[in-house]
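Chemist: The structure follows.
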Amino acid sequence: MMVARIEEVTERIVARSQAGRSAYLERMAQAGNNNGPRRETLPCGNQAHAFAAASASDKPALKAGAVTNVAIISAYTEMLSAHQPYERFPEIIKDAIRDAGAVAQFAGGVPAMCDGITQGQPGMEISLLSRDVIAMATAVSLSHNVFDAALCLGVCDKIVPGLLIGALSFGHLPIAFVPAGPMTSGLSNDEKSRLREQYAKGEIDRATLLEAEAQAYHGPGTCTFYGTANSNQMLMEIMGLHLPGSSFVNPGNETRDVLTAEVARRVLSGNCPPLGQLVDARALVNGIVGLVATGGSTNHTLHIVAIAQAAGYSLKWDDFSDLSDVVPLVARVHPNGPADINHFHAAGGMAFVIGQLLDAGLLHADVATVMGEGLDAYRCEAVIEGRRVTHWQEGQNHSLDSSVLRPVDDPFDAEGGIKLMSGNLGRAVMKVSAVKSDHRVIEAPAAVFDDQKDLMAAFERGDLNRDVVAVVRFQGPRANGMPELHKLTTPLGVLQGLGYKVALVTDGRMSGASGKIPAAIHLTPEAASGGLLPRIVDGDLVRVDSLRGTVDVLVDEATLAARSPAAPDLAANETGVGRELFGLLRANAQPAEAGGMSILGPPSGSAG
């Protein structure tokens with residue numbers, strides 16, 4: 001039986017989104033109103049352009065017009081370890097689709113920047129905005145209107161949400177997502193974090209730290225911690241957009257290649273529904289449940305909201321919080337624990353998590369998926385013989401490591417990993433899955449910064465060696481594109497380790513890998529859009545209470561109102577490393593709670 005809260009949240013999403021969802025489905029119905037291959041609707045000259053450069057084997061099939069044409073949209077780049085494996089995937093996909101009697105064409109590439117490289121650098125200020133560019137690039141790739149299905153190849157932080165947002169504009173087509181898998185385990189994430197803190201305290205030199213980082217990030221595949229990239233993969237699987245059990249298979253092995261070929265065949269099968277039907281309110285709720293049950297990335301409080309907008313739905317942070325209240329935390333993967341994503345997969349992985357949540361009535365089972373059937377198919381794993389998937393069998397139904405995965409009736413925590421925070425400072429979210437109980441309530445004087453570099457400098461001077469709530473403002477979408485502030489994790493972690501009471505309050509983001517520092521993030525309204533943050537001064541008492549879900553500055557309203565709000569010069573955020581090209585996106589960005597989107601507004605007619 002479905003848990004009542006899951007049904008309630010789903011029903012209210014449907015109710016508030018009725019007009020927007022109906023308008024979306026009507027657009028998709030109009031777009032899909034044709035019989036036969038889509039390229040046949042084009043004039044002959046247009047159609048000839050589309051297959052002019054096709055191979056000798058594919059051109060006759062495309063010209064004849066009877067076969068399905070599948071678009072490949074890839075975020076391949078050899079600089080991102082997670083996306084480097086995609087170099088080989090198009091040929092695997094093309095071969096599988098030819099064998100099935102159809103054709104695949106590489107339709108386009110989308111940009112893929114690496115947050116791990118840009119953390120703390122100016123380039124990070126276009127990271128969130130790049131999600132909109134990726135969505136638009138996905139639309140450009142499909143805009144020729146010659147494709148009958150599509151495969152989206154992406155893994156990391158903004159790339160998967162951007163691909164999905166863009167693909168939803170073509171939701172009349174069968175579209176599946178193709179993972180590449182995590183790198184094999186290297187230096188443990190706990191050891192890497194320990195060495196970073198040693199470096200911050202001056203105990204080891206740069207060469208030692210660089211060698212440690214190179215041992216942690218050592219080969220192809222996603223980073224092995226449970227940040228946004230791996231949360232993306234969980235999300236695509238639990239929403240039914242991946243093949244079952246495919247998210248966390250390492251790249252470069254036979255299983256990975258076989259699953260890549262199988263998902264290519266899947267979009268041709270006739271059983272893979274159009275994407276717009278897959279991404280409905282039930283699938284979105286399933287995604288949020290998976291997020292909070294596994295302690296996933298807070299970045300998805302932006303991304304899932306934006307994905308929902310693209311499908312005609314209106315989500316609110318209250319939906320996340322209300323679901324988190326009834327969904328237990330069943331996984332501990334770094335930074336929520338010592339295990340990495342390979343340990344998670346070996347302990348039972350997604351088959352175990354989905355099976356547990358289904359049996360507890362915490363997931364909608366009656367959803368459409370790329371498998372063409374309900375979510376029960378995602379309890380299963382592929383059986384491979386002769387480099388083909390012969391059938392699917394039930395996966396791991398019990399945990400092989402209770403320090404990594406636990407059943408719903410014996411969870412790590414009775415509540416999920418994300419908390420809605422509200423108070424006189426506004427609304428924010430906190431990832432609580434890695435915050436220890438003695439750090440869940442922090443009340444301390446504020447140290448106020450308008451730039452993360454100023455906080456780093458204050459730490460290095462020893463100015464923060466005290467109980468402190470670090471307030472980092474003017475980091476929202478409209479101020480500077482809302483960069484992640486992951487570099488602050490290490491110094492604040494050092495202070496916490498010294499025994500000080502430490503918290504962070506910001507209208508910016510933290511990395512999906514952050515966690516042990518209580519951080520009220522994504523604060524809305526942001527400082528640049530009339531929020532209260534610009535009226536806070538050094539020494540104001542700030543209370544961050546993740547037990548009650550509150551974030552407040554403990555200063556009376558009259559005093560705050562009498563202060564002149566800080567108004568720093570933000571011109572430096574507007575140029576350099578391409579930031580001058582993103583001015584329109586910054587200026588049009590919605591608030592964080594609305595997904596931070598610049599290219600889509602709330603669904604037309606959505607209720608509040």
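Numbering starts fresh at 1 for the residues of each chain in the structure tokens, the chains themselves are lettered A, B, ... in the order given, and ligands are numbered from 1 as they appear.
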As a list of chain:residue names, please: every residue in stretch 412-472 of chain A that a backbone DSSP assignment puts in strand (DSSP E).
Modeler: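 Restricting stretch 412-472 of chain A to strand (DSSP E) produces A:Ile418, A:Lys419, A:Leu420, A:Met421, A:Ser422, A:Gly423, A:Gly426, A:Arg427, A:Ala428, A:Val429, A:Met430, A:Lys431, A:Val441, A:Ile442, A:Glu443, A:Ala444, A:Pro445, A:Ala446, A:Ala447, A:Val448, A:Phe449, A:Val468, A:Val469, A:Ala470, A:Val471, A:Val472.
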Chemist: Dump C-alpha atoms for the selected residues as a short mmCIF file (atom, residue, chain, number, x, y, z; two decimals), in the first residue's frame?
Modeler:
data_model
loop_
_atom_site.label_atom_id
_atom_site.label_comp_id
_atom_site.auth_asym_id
_atom_site.auth_seq_id
_atom_site.Cartn_x
_atom_site.Cartn_y
_atom_site.Cartn_z
CA ILE A 418 17.26 17.06 2.81
CA LYS A 419 15.62 19.62 5.08
CA LEU A 420 13.66 22.76 4.19
CA MET A 421 14.80 25.74 6.29
CA SER A 422 12.55 28.79 6.81
CA GLY A 423 12.90 31.93 8.89
CA GLY A 426 14.02 33.46 3.83
CA ARG A 427 13.83 29.86 2.65
CA ALA A 428 16.79 27.55 2.18
CA VAL A 429 17.66 23.87 2.02
CA MET A 430 20.14 21.83 4.04
CA LYS A 431 21.67 18.44 3.38
CA VAL A 441 21.64 23.38 15.90
CA ILE A 442 24.17 26.20 15.69
CA GLU A 443 23.77 29.70 17.18
CA ALA A 444 26.78 31.95 16.81
CA PRO A 445 27.90 35.43 15.73
CA ALA A 446 27.94 36.08 12.00
CA ALA A 447 31.06 36.66 9.95
CA VAL A 448 29.83 38.29 6.75
CA PHE A 449 31.49 37.98 3.34
CA VAL A 468 30.88 31.39 13.86
CA VAL A 469 28.11 31.37 11.28
CA ALA A 470 29.76 32.25 8.00
CA VAL A 471 27.36 34.34 5.90
CA VAL A 472 28.42 34.35 2.24
#
Chemist: Compile the contact shell of stretch 118-124 of chain A as a list of chain:residue names: residues with an atom at most 6 Å away, counting only C-alpha atoms, same-chain residues fewer than 3 positions apart removed.
Modeler: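 Neighbouring residues, sequence-local ones excluded: A:Asp115, A:Ser127, A:Pro483, A:Lys487, A:Val577.
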Chemist: Would you work out the distance separating atom CA of A:Phe89 from atom CA of A:Asp280, expressed in Å to one decimal?
Modeler: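 For atom CA of A:Phe89 relative to atom CA of A:Asp280, the distance reads 28.7 Å.
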Chemist: Quick one: residues within 10 Å of A:Ala107, only C-alpha atoms, excluding same-chain residues fewer than 2 positions away - as a list in words?
Modeler: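 Counting only C-alpha atoms, the residues come to Val70, Ala71, Ile72, Ile73, Ser74, Ala104, Gln105, Gly109, Thr138, Val140, Ser141, Leu142, Ser143, His144, Val146, Phe147, Ala150 and Leu151 of chain A.
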Chemist: How would you write, as a ChimeraX atom specification, the set of residues in stretch 153-235 of chain A that DSSP gives as helix (DSSP H, G or I)?
Modeler: /A:159-168,189-200,206-216,228-235
Chemist: Could you give me, as JSON lines, every stretch 109-171 of chain A residue with an atom at most 9 Å from stretch 580-591 of chain A, plus its closest atom pair and distance in Å to one decimal, counting only C-alpha atoms, rows ordered by chain then number?
Modeler:
{"residue": "A:Ile126", "atom": "CA", "partner": "A:Phe582", "partner_atom": "CA", "distance": 7.3}
{"residue": "A:Leu129", "atom": "CA", "partner": "A:Leu585", "partner_atom": "CA", "distance": 6.7}
{"residue": "A:Ser130", "atom": "CA", "partner": "A:Phe582", "partner_atom": "CA", "distance": 9.0}
{"residue": "A:Asp132", "atom": "CA", "partner": "A:Leu585", "partner_atom": "CA", "distance": 8.3}
Chemist: Using the selection just defined, write its residues with C-alpha atoms as a PDB file, in the first residue's frame.
Modeler:
ATOM      1  CA  ILE A 126      28.777  29.966 -15.448  1.00  0.00           C
ATOM      2  CA  LEU A 129      23.916  28.794 -16.263  1.00  0.00           C
ATOM      3  CA  SER A 130      25.489  26.160 -18.509  1.00  0.00           C
ATOM      4  CA  ASP A 132      20.339  26.264 -19.808  1.00  0.00           C
TER       5      ASP A 132
END
